[in-house]
Amino acid sequence: MMGWLSLVGGVLLVAVGALWTLQGIGVVGGSVMSGVTLWAVIGPIVALAGLWLLFVGVRRVRGRPRG
């Protein structure tokens, strides 16, 4: 169960991190975060944390015996 939760959490963090990065660099507008450099820095950090969670989740799911 923890493997699947890590996978879902990782996907969400990567998506949120990508959105925050795009907002921070001004590609996605319509938000208070648009064009604010802080979000262009926080976004990739969050996305990297999501990638790490994805890696952990894949290892947990694949490491389980099937049956």
# chains A, B, ... in the order shown; residues from 1 in each chain; ligands from 1
call {"tool": "residues_around", "arguments": {"residues": "Gly3 of chain A", "least_positions_apart": "4", "cutoff": "8 Å", "atoms": "only C-alpha atoms", "output": "PyMOL selection string"}}
result
chain A and resi 7+56-61
call {"tool": "residues_around", "arguments": {"residues": "Leu38 of chain A", "least_positions_apart": "4", "cutoff": "12 Å", "atoms": "only C-alpha atoms", "output": "ChimeraX atom specification"}}
result
/A:20-26,32-34,42-45
call {"tool": "closest_residue", "arguments": {"among": "A:Met1, A:Val11, A:Val27, A:Val16", "to": "Val46 of chain A", "atoms": "only C-alpha atoms"}}
result
A:Val16
call {"tool": "select_by_dssp", "arguments": {"residues": "chain A", "states": "helix (DSSP H, G or I)", "output": "PyMOL selection string"}}
result
chain A and resi 2-24+37-63
call {"tool": "write_last_selection", "arguments": {"atoms": "C-alpha atoms", "output": "short mmCIF file (atom, residue, chain, number, x, y, z; two decimals), in the first residue's frame"}}
result
data_model
loop_
_atom_site.label_atom_id
_atom_site.label_comp_id
_atom_site.auth_asym_id
_atom_site.auth_seq_id
_atom_site.Cartn_x
_atom_site.Cartn_y
_atom_site.Cartn_z
CA MET A 2 2.81 2.43 0.84
CA GLY A 3 4.32 1.89 -2.59
CA TRP A 4 1.16 3.02 -4.33
CA LEU A 5 0.81 6.00 -2.00
CA SER A 6 4.37 7.01 -2.83
CA LEU A 7 3.60 6.73 -6.54
CA VAL A 8 0.47 8.87 -6.30
CA GLY A 9 2.18 11.41 -4.06
CA GLY A 10 5.15 11.56 -6.41
CA VAL A 11 2.96 12.20 -9.44
CA LEU A 12 1.11 14.96 -7.60
CA LEU A 13 4.32 16.62 -6.43
CA VAL A 14 5.83 16.52 -9.93
CA ALA A 15 2.67 18.07 -11.39
CA VAL A 16 2.45 20.79 -8.73
CA GLY A 17 6.17 21.51 -9.01
CA ALA A 18 5.92 21.84 -12.78
CA LEU A 19 2.92 24.17 -12.48
CA TRP A 20 4.66 26.34 -9.88
CA THR A 21 7.77 26.53 -12.05
CA LEU A 22 5.76 27.59 -15.09
CA GLN A 23 3.90 30.17 -13.03
CA GLY A 24 7.11 31.47 -11.55
CA THR A 37 10.82 34.28 -9.04
CA LEU A 38 10.36 32.52 -5.70
CA TRP A 39 7.98 30.03 -7.33
CA ALA A 40 10.46 29.44 -10.15
CA VAL A 41 12.86 28.23 -7.44
CA ILE A 42 10.42 26.32 -5.23
CA GLY A 43 8.76 24.52 -8.17
CA PRO A 44 11.78 22.48 -9.31
CA ILE A 45 12.58 21.57 -5.70
CA VAL A 46 9.06 20.21 -5.23
CA ALA A 47 9.25 18.40 -8.58
CA LEU A 48 12.55 16.76 -7.58
CA ALA A 49 10.98 15.61 -4.31
CA GLY A 50 8.16 14.12 -6.38
CA LEU A 51 10.63 12.29 -8.61
CA TRP A 52 12.31 10.86 -5.52
CA LEU A 53 8.93 9.68 -4.21
CA LEU A 54 8.19 8.09 -7.59
CA PHE A 55 11.52 6.25 -7.47
CA VAL A 56 10.80 4.99 -3.95
CA GLY A 57 7.27 3.97 -4.91
CA VAL A 58 8.38 2.03 -7.98
CA ARG A 59 10.99 0.18 -5.94
CA ARG A 60 8.42 -0.73 -3.28
CA VAL A 61 5.79 -1.88 -5.79
CA ARG A 62 8.24 -3.94 -7.87
CA GLY A 63 9.91 -5.42 -4.81
#
